[in-house]
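*Asks:* There's a structure below that I have some questions on.
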Amino acid sequence: MDFTFFEYNDDQNHELRNPIERVRRLITTPAKGTCFVGSFNGLICLVREEACKPVCICNPFTKEYVNLPEIRIDGDDFDFCTFGFGYLPSTIEYKVVAIHVSKTKLIEVYIYTLGSGNGWRDLGKFNSEFCPMYNQRHEHGSFANGSIYWAGANLQTILTFDLIEEKFCGHFAPPPSPPDTDLESHTIGVLGEFLYISILDDEEEGFDIWLLKMKNDNHDKKEGEEHRPSEWSKELWVNERHSLALTKRGDVLTYISIDNYLNIYDTKASTSKPLVDFKEFVCRVFPHKNTFVSLKELGEKDTEIIKSVKGGRKP
């Protein structure tokens, strides 16, 4: 599996010139058979299917990566595992959360803080009230506003894990949806700084985009602060399930996995224009910010270097 990077120039008029300025590819990825969890402040979190050292953190800009240690779990009755990854700028901490779900729907939660030297910490066992949904698309938790969010197992609840306090808090219902639909028809993700859910609208043959917004001032949650109330707001309509980013003019970057196209959707004209044809299967596209953040300087001693080649290709 390869990493392919492209840069989007938001100041470029895409009606006159393609705003995709550069495409660069890493030939060798740091982990085989991986799923994407999250990308924050230059670091990417990937997870493998195998239990031995399942989590890999990498910075594709500096080529550093580290395999986190194995999570040792008592017993063999676990059904599946889901992860979340987030960055707390107030404390300059990167944290990975692992939720192991048993066949009885009892869950065990572990957390890893990069560079702390504490390894995986066991936060305890919880009942099915906190159980995330098993997702055939292997989507993991989404991080926004200081918390990681999962779709609940009953398809009626969004699970909330406060990354600062390191505990579950204030779960809430997803936005209203048409009758007889379930979250398998929806996508949970992050658009800009907001958590979003896209809900399939069969009549309009597209997706309503709901953003989770704080009811009071939109600022980063501080340690010890109560979990602030929030509400869903229907903001956009797009023609694709996966929304990646909002442009300055209010358009939405989307990705069509079937056709392997990166598109830009004009929300005013309700039209879509292809920007990149990847010409091969790309399993996931996600926003990423290049930084010089060093895993070794954060305190990860077993850091290694990704093998790569120079050069790239134009879209």
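Residue numbering restarts at 1 in every chain; chains get A, B, ... in the order shown in the structure tokens, and ligands count up from 1 in that same order.
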Counting only C-alpha atoms, what is within 10 Å of Thr82 of chain A, bar same-chain residues fewer than 4 positions away, as a list of chain:residue names?
*Replies:*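 The residues satisfying every condition are A:Val37, A:Val47, A:Val97, A:Ala98, A:Ile99, A:His100, A:Val101, A:Val109, A:Pro132, A:Met133, A:Tyr134, A:Asn135, A:His138, A:Glu139, A:His140, A:Gly141, A:Trp150.
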*Asks:* Could you pull the residues within 9 Å of segment 268-273 of chain A, counting only C-alpha atoms, minus those fewer than 3 positions along the same chain, as a PyMOL selection string?
*Replies:* chain A and resi 237-239+250-251+262-265
*Asks:* Could you tell me which of A:Phe80, A:Phe126, A:Tyr110, A:Tyr255 comes closest to Pro287 of chain A if we count only C-alpha atoms?
*Replies:*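 Of A:Phe80, A:Phe126, A:Tyr110, A:Tyr255, the one nearest Pro287 of chain A is A:Tyr255, counting only C-alpha atoms.
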*Asks:* Using only C-alpha atoms, which protein or nucleic acid residues come within 10 Å of Arg249 of chain A? Drop anything in the same chain fewer than 4 positions from it, and give the result as a list in words.
*Replies:*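 Once the nearby chain positions are removed, what remains is Asp10, Asp11, Asp266, Thr267 and Lys268 of chain A.
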*Asks:* Can those selected residues be exported to a file as a compact mmCIF listing (two decimals), in the first residue's frame so that it contains all heavy atoms?
*Replies:*
# COMPACT_ATOMS: atom_id res chain seq x y z
N ASP A 10 -5.90 26.77 -2.14
CA ASP A 10 -7.23 27.33 -1.95
C ASP A 10 -7.36 28.73 -2.56
O ASP A 10 -8.46 29.23 -2.73
CB ASP A 10 -7.57 27.39 -0.46
CG ASP A 10 -9.06 27.32 -0.20
OD1 ASP A 10 -9.82 27.20 -1.18
OD2 ASP A 10 -9.48 27.41 0.97
N ASP A 11 -6.23 29.36 -2.88
CA ASP A 11 -6.28 30.68 -3.50
C ASP A 11 -6.37 30.59 -5.03
O ASP A 11 -6.58 31.60 -5.70
CB ASP A 11 -5.03 31.49 -3.13
CG ASP A 11 -4.98 31.79 -1.64
OD1 ASP A 11 -6.05 32.08 -1.06
OD2 ASP A 11 -3.89 31.73 -1.06
N ASP A 266 -19.56 22.46 -6.01
CA ASP A 266 -20.04 23.83 -5.90
C ASP A 266 -21.40 23.80 -5.20
O ASP A 266 -22.40 23.36 -5.78
CB ASP A 266 -20.16 24.46 -7.28
CG ASP A 266 -20.46 25.95 -7.23
OD1 ASP A 266 -21.19 26.38 -6.32
OD2 ASP A 266 -19.97 26.68 -8.11
N THR A 267 -21.45 24.24 -3.93
CA THR A 267 -22.68 24.16 -3.16
C THR A 267 -23.75 25.13 -3.64
O THR A 267 -24.94 24.92 -3.39
CB THR A 267 -22.40 24.44 -1.67
OG1 THR A 267 -21.75 25.71 -1.54
CG2 THR A 267 -21.51 23.34 -1.10
N LYS A 268 -23.34 26.20 -4.33
CA LYS A 268 -24.33 27.17 -4.83
C LYS A 268 -24.96 26.69 -6.13
O LYS A 268 -26.17 26.78 -6.32
CB LYS A 268 -23.66 28.54 -5.03
CG LYS A 268 -23.11 29.15 -3.76
CD LYS A 268 -22.50 30.52 -4.05
CE LYS A 268 -21.98 31.16 -2.78
NZ LYS A 268 -20.88 30.41 -2.16
*Asks:* Quick one: everything within 8 Å of Leu114 of chain A, counting only C-alpha atoms, minus sequence neighbours fewer than 2 positions away in the same chain. Send it as a ChimeraX atom specification.
*Replies:* /A:93-95,112,116-117,298-300
*Asks:* Which is closer to Ile107 of chain A than all the others in A:Pro174, A:Gly152, A:Gly124, A:Gly206, using only C-alpha atoms?
*Replies:*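 Under the stated criterion, the closest residue is A:Gly124.
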*Asks:* Using only C-alpha atoms, which protein or nucleic acid residues come within 8 Å of Lys105 of chain A? Drop anything in the same chain fewer than 4 positions from it, and give the result as a ChimeraX atom specification.
*Replies:* /A:101,127-128,131
*Asks:* How many Å separate atom CA of Ile199 of chain A from atom CA of Lys213 of chain A?
*Replies:*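 Going from atom CA of Ile199 of chain A over to atom CA of Lys213 of chain A covers 16.9 Å.
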*Asks:* Nearest to Phe286 of chain A: which of A:Ser230, A:Ser90, A:Ser177, A:Ser39 is it, counting only C-alpha atoms?
*Replies:*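 Comparing A:Ser230, A:Ser90, A:Ser177, A:Ser39 against Phe286 of chain A, the winner is A:Ser39.
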*Asks:* Which residues, written as a PyMOL selection string, have at least one atom at most 8 Å from Glu193 of chain A, with only C-alpha atoms counted and residues fewer than 3 positions away on the same chain left out?
*Replies:* chain A and resi 144-145+190
*Asks:* Please produce a file of the residues just selected, as a PDB file, in the first residue's frame, where the atoms kept are all heavy atoms.
*Replies:*
ATOM      1  N   ALA A 144     -12.815  15.711  17.296  1.00  0.00           N
ATOM      2  CA  ALA A 144     -13.160  17.118  17.110  1.00  0.00           C
ATOM      3  C   ALA A 144     -13.487  17.720  18.470  1.00  0.00           C
ATOM      4  O   ALA A 144     -14.011  17.034  19.357  1.00  0.00           O
ATOM      5  CB  ALA A 144     -14.362  17.279  16.163  1.00  0.00           C
ATOM      6  N   ASN A 145     -13.154  18.994  18.654  1.00  0.00           N
ATOM      7  CA  ASN A 145     -13.504  19.720  19.879  1.00  0.00           C
ATOM      8  C   ASN A 145     -13.026  19.029  21.153  1.00  0.00           C
ATOM      9  O   ASN A 145     -13.707  19.037  22.182  1.00  0.00           O
ATOM     10  CB  ASN A 145     -15.029  19.932  19.962  1.00  0.00           C
ATOM     11  CG  ASN A 145     -15.584  20.693  18.780  1.00  0.00           C
ATOM     12  OD1 ASN A 145     -15.003  21.695  18.360  1.00  0.00           O
ATOM     13  ND2 ASN A 145     -16.681  20.223  18.233  1.00  0.00           N
ATOM     14  N   VAL A 190     -14.938  14.477  10.099  1.00  0.00           N
ATOM     15  CA  VAL A 190     -14.618  15.836  10.530  1.00  0.00           C
ATOM     16  C   VAL A 190     -14.485  16.713   9.304  1.00  0.00           C
ATOM     17  O   VAL A 190     -13.776  16.371   8.350  1.00  0.00           O
ATOM     18  CB  VAL A 190     -13.311  15.865  11.354  1.00  0.00           C
ATOM     19  CG1 VAL A 190     -12.960  17.303  11.728  1.00  0.00           C
ATOM     20  CG2 VAL A 190     -13.461  15.019  12.611  1.00  0.00           C
TER      21      VAL A 190
END
